[in-house]
Each structure stands twice: as C-alpha cells, then as structure tokens.
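Undergrad: I am attaching a structure below and will ask some questions about it afterwards.
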Amino acid sequence: KNSILSVGAIEYEDPTNYFYAECRPFEGAEITDKALEVNGFTREYLEKLELTPGELCLRLVEWMGGVSDITYAGYNVAFDHSFMKAQFERSGIKWPFGFRWVDAHSVAYFQMDPDLRPLYHRNSSLSLDKALEFYMLEPEPKPHNALTGAQKVFELLRAIRSS
C-alpha cells in the first residue's frame, strides 16, 4: 500500500559508483505524515516529480548492469526489500536480486557484547545510528535520504569488516 519514493545504492567494491533517484508515488499509494517526517519530502514536492516508481526501478536495473556483485545489502534490510520487491512486481519488472541479502543490523548486533546490545521487550532495538556510534562513526544526517542512508550502511559494513 506504500510506495518507494527514492532509492540509493552504492557498489560495495567501488563506492564512487553509486545510484540515486526519486520518484512520485504510484497512484493510490498511502503516504503517511510519519513517513514524510522521516524522509523530509513534502506531498507537494512528490507531486512534481516526473519519474514513476517503475521508471526508477528500470534505471536502477540499468545502473546495476555495470556492477559485478548486486547482492542486496542494507540496515534492517527486510523492510526495504519488501518495498522494492513489491514495486518491481507492481511494475511488471523482473526482480534482479537473488533471495539472499546482507543485513548490516544483524552483522552489527552479533559483533556487539551482549551486555551492550539495546533491547526493547527483549528484542533488538539497535538503530543504524546506535550501530554507527558503536563503531565511532557519525550518525546518518536527518532527514533520512536513501543515498546517505546507503552510504552510512556502507561505512558501517566497512568498519565491521575492519574490526
């Protein structure tokens, strides 16, 4: 029921190769005030965007054509994955990713000492900013932007790999 509004991606082996695009929501999509608060978009801004979600997906696939490893990675990746997969299906575009992904949350969570893991109702509440802080990295700028979010996940994964 919700639409992707922007996508950011970085090639892990070559971080100078990145993708960013914004699109208007699909017709009938639910856009909540909470989501707009997180991403900083306004309804008026989104209405002016020319790119459709399907066109954004096609551009992403085109960009990925030059990337040798397109394994999907992110922070709490199942959330983003469900949005993206639904949009690809809605647009009739073949899903380019496999069924495996890298979840930076899971990797960061299990790198932490169990006494330092933040919990809420006995479940992980480790936010991206808290994981970045644990590795002495700057938090993600607010409001959330798909590209800066991808960059921060990239930084986190690199820091974990180096530790």
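The chains in the structure tokens are called A, B, ... from first to last as shown; in each chain the residues are counted from 1, and the ligands are counted from 1 in the order shown.
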Show which residues sit within 12 Å of segment 84-97 of chain A, as a ChimeraX atom specification. Count only C-alpha atoms, and ignore same-chain residues fewer than 2 positions away.
TA: /A:1-8,23,25-27,29,52-65,69-73,77-82,99-102
Undergrad: Using only C-alpha atoms, what does the table of segment 49-112 of chain A residues within 8 Å of segment 121-128 of chain A look like, with each row giving the shortest atom pair and its distance in Å to one decimal, sorted by chain and ascending number, as a Markdown table?
TA:
| residue | atom | partner | partner_atom | distance |
| --- | --- | --- | --- | --- |
| A:Tyr75 | CA | A:Leu128 | CA | 6.8 |
| A:His105 | CA | A:Leu126 | CA | 7.3 |
| A:Tyr109 | CA | A:Leu126 | CA | 7.1 |
Undergrad: Based on DSSP run over this structure's backbone, return all residues of segment 15-61 of chain A in strand (DSSP E or B), as a PyMOL selection string.
TA: chain A and resi 15-22
Undergrad: Keeping only C-alpha atoms, write the selected residues as a short mmCIF file (atom, residue, chain, number, x, y, z; two decimals), in the first residue's frame.
TA:
data_model
loop_
_atom_site.label_atom_id
_atom_site.label_comp_id
_atom_site.auth_asym_id
_atom_site.auth_seq_id
_atom_site.Cartn_x
_atom_site.Cartn_y
_atom_site.Cartn_z
CA PRO A 15 31.96 3.33 -3.60
CA THR A 16 32.47 6.07 -6.20
CA ASN A 17 29.89 4.19 -8.30
CA TYR A 18 26.51 5.00 -6.82
CA PHE A 19 22.88 5.43 -7.82
CA TYR A 20 20.24 7.83 -6.53
CA ALA A 21 16.80 8.67 -7.89
CA GLU A 22 13.49 9.98 -6.60
#
Undergrad: Please identify all polymer residues within 10 Å of Glu47 of chain A, counting only C-alpha atoms, omitting same-chain residues fewer than 2 positions from it, and present them as a PyMOL selection string.
TA: chain A and resi 23-25+42-45+49-50
Undergrad: Using the selection just defined, write its residues with C-alpha atoms as a compact mmCIF listing (two decimals), in the first residue's frame.
TA:
# COMPACT_ATOMS: atom_id res chain seq x y z
CA CYS A 23 10.02 9.27 -7.94
CA ARG A 24 6.42 10.26 -7.39
CA PRO A 25 4.29 7.73 -5.52
CA THR A 42 6.50 17.00 1.15
CA ARG A 43 3.39 15.94 -0.72
CA GLU A 44 3.81 18.99 -2.95
CA TYR A 45 7.39 18.05 -3.82
CA LEU A 49 8.44 14.52 -9.64
CA GLU A 50 8.22 13.15 -13.17
Undergrad: List the spatial neighbours of Phe154 of chain A as a list in words - criterion: any atom at most 10 Å away, only C-alpha atoms, same-chain residues fewer than 5 positions off excluded.
TA: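 Contacts, with the query itself left out: Ala9, Ile10, Glu11, Tyr12, Pro15, Ala73, Gly74, Tyr75, Ala104, Thr148, Gly149, Ala159 and Ile160 of chain A.
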Undergrad: Keeping only C-alpha atoms, write the selected residues to a file as a CSV table (one decimal), in the first residue's frame.
TA:
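Just written: selection.csv:
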chain,number,residue,atom,x,y,z
A,9,ALA,CA,22.7,2.3,-3.9
A,10,ILE,CA,26.4,2.0,-3.7
A,11,GLU,CA,28.7,-0.5,-5.3
A,12,TYR,CA,30.5,-2.1,-2.4
A,15,PRO,CA,32.0,3.3,-3.6
A,73,ALA,CA,22.5,-5.0,1.4
A,74,GLY,CA,21.0,-2.6,3.9
A,75,TYR,CA,20.1,-1.9,7.5
A,104,ALA,CA,24.0,-4.8,8.5
A,148,THR,CA,23.1,9.0,2.6
A,149,GLY,CA,21.4,6.0,4.3
A,159,ALA,CA,34.0,-0.7,9.8
A,160,ILE,CA,32.8,-4.1,10.9
